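Data first, discussion second: the structure below is written as structure tokens.
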Amino acid sequence: MPALCRDCLSLFDAGPRCPSCGRGRVLAHPELFTLSIAHLDCDSFYASVEKRDNPELASRPLIVGGGTRGVVSTCCYIARISGVRSAMPMFQALKLCPDAVVVPPRMAHYAEVSRAIRAKMAALTPLIEPLSLDEAFLDLTGTARLHHAPPALQLARLLREIEEEIGVTASVGLSHNKFLAKIASDLDKPRGFSVIGRGETANFLRDKPVSILWGVGEATRATLGRAGLRTLEDIRRAGVRRLVERLGSSGERLWHLARGEDPRRVTPDAPVKSVSNETTFESDIADRAALERHLWICCEKTADRMKAKGVQGRTAVLKLRRADFSLLTRQQRLEEPSQLADTLFRVTQALMATLPEAGPFRLIGAGYGDLSPADGRDPVGDLLDPQAGARAGAERAMDAIRAKFGKDAIMRGRGF
């Protein structure tokens with residue numbers, strides 16, 4: 001059986017230890033040198049960067065997150081032993097792990113580290129599809145001749161370089177499609193390398209829960225559960241027609257995934273679908289004037305990102321999280337696409353005014369969806385809103401001043 005040593009990168013026939021270095025981190029699989037679709041996922045990325053930068057934190061439980069009112073962005077594996085998880089409310093995380101060190105996220109710094117990792121991926125293949133700062137799909141089909149090594153060996157070398165030269169660890173899943181590669185990358189964390197071949201796909205998936213399927217959240221899982229569909233084997237036995245009757249077109253997609261079939265290609269630089277910003281309050285807020293002040297700041301930050309990316313949105317989205325952590329969203333399609341803070345604020349402000357409940361709320365956010373390249377056109381005003389053009393001009397003038405003198409050079413009164 002083909003095998004490789006993840007420490008010295010030797011290739012050999014399978015055995016419990018590497019014949020070259022004697023170590024036991026051996027990866028062996030019948031299809032090891034024929035698979036080429038990979039998913040790379042950094043291990044507790046933000047926390048790993050913080051521990052790299054501050055070695056005193058190496059043996060401490062570490063949580064990256066914001067304040068007692070925020071949520072956990074990520075945590076190290078020591079904190080996970082206590083039950084801490086990403087997206088968990090901070091007060092709950094600190095109750096589970098009171099000795100944890102909490103540091104605020106440094107997104108710009110993490111993005112810089114991410115770019116260094118991305119550059120190493122790009123040296124292997126141009127077919128990279130990033131999912132976030134710390135994970136991406138890679139298609140290494142046809143690269144063996146270029147790099148004089150099969151994809152598995154290239155990936156093992158990449159993991160070693162990331163750990164030795166950048167100072168964080170990552171895990172890889174290798175398979176014959178994206179769905180299975182992503183599942184595989186989570187099987188042996190941290191510092192993992194797992195393979196799911198074509199020959200074992202059916203057996204591997206048979207008893208897995210439906211929640212493992214891409215796109216199955218709580219609502220879909222409950223819908224499937226009411227129909228007696230709790231495992232992938234249940235879905236396969238039910239047949240595609242029954243799935244489509246219950247879930248529409250997404251039912252067909254889930255049926256194929258349950259069989260290990262995923263035709264999606266690795267798509268470099270997949271288009272961004274939405275841009276948004278949100279903030280969590282130090283204490284719950286019910287006062288509408290206070291909520292609108294925070295809403296304006298979210299709209300400005302969203303608009304700044306839209307302008308930097310050169311995109312415009314056709315849908316405005318309002319997001320509120322209640323005191324009990326349940327989520328409330330509203331959205332409205334715009335007459336014309338926009339990237340302006342003024343447009344986003346006025347629409348989401350109106351959406352908030354129609355809400356039947358007064359709060360209190362612990363989080364507010366605003367964003368644009370249905371994105372397309374910006375066409376440079378701003379509102380000119382009409383009988384219903386004759387000042388729209390003037391407000392758009394004022395916002396563009398403020399952008400020019402900030403570009404020249406800094407982001408704090410000028411702001412609107414509602415932004416204080």
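Chain identifiers are assigned as A, B, and so on, following the order in which chains appear in the structure tokens; residues are numbered from 1 within each chain, and ligands are numbered from 1 in order of appearance.
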So that I can see what lies close to region 6-19 of chain A, please list as a PyMOL selection string the residues with an atom at most 8 Å from it, counting only C-alpha atoms and leaving out residues fewer than 5 positions away in the same chain.
chain A and resi 1+24-28+153+156-157+160
Can you pull out every residue within 9 Å of region 289-300 of chain A, counting only C-alpha atoms, but drop anything in the same chain fewer than 2 positions away, and send it as an NGL selection string?
:A and (276-279 or 285-287 or 302-305 or 318 or 340-345 or 348-349 or 352 or 361 or 364-367 or 414-416)
Considering only C-alpha atoms, can you say which of A:Ser44, A:Arg60, A:Asp324, A:Ala202 comes closest to Arg85 (chain A)?
A:Ser44
Quick one: pick out all strand (DSSP E) residues within region 31-137 of chain A from a backbone DSSP run and write them as a PyMOL selection string.
chain A and resi 37-42+62-65+72-75+101-103+128-132+135-137
Could you name the residues that touch Pro209 (chain A) at 8 Å or less, counting only C-alpha atoms, but leaving out those on the same chain fewer than 3 positions away, as number ranges by chain?
A: 212, 230-232
I'd like the interatomic distance between CA of Ala111 (chain A) and CA of Gly192 (chain A), to a tenth of an Å.
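Here the two named atoms are 22.8 Å from each other.
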Could you find all residues in region 47-291 of chain A that DSSP calls helix (DSSP H, G or I) from the backbone, and write them as a PyMOL selection string?
chain A and resi 47-53+55-57+77-81+90-96+107-122+144-147+151-166+178-185+198-205+210-212+218-226+232-238+240-247+249-258+288-291
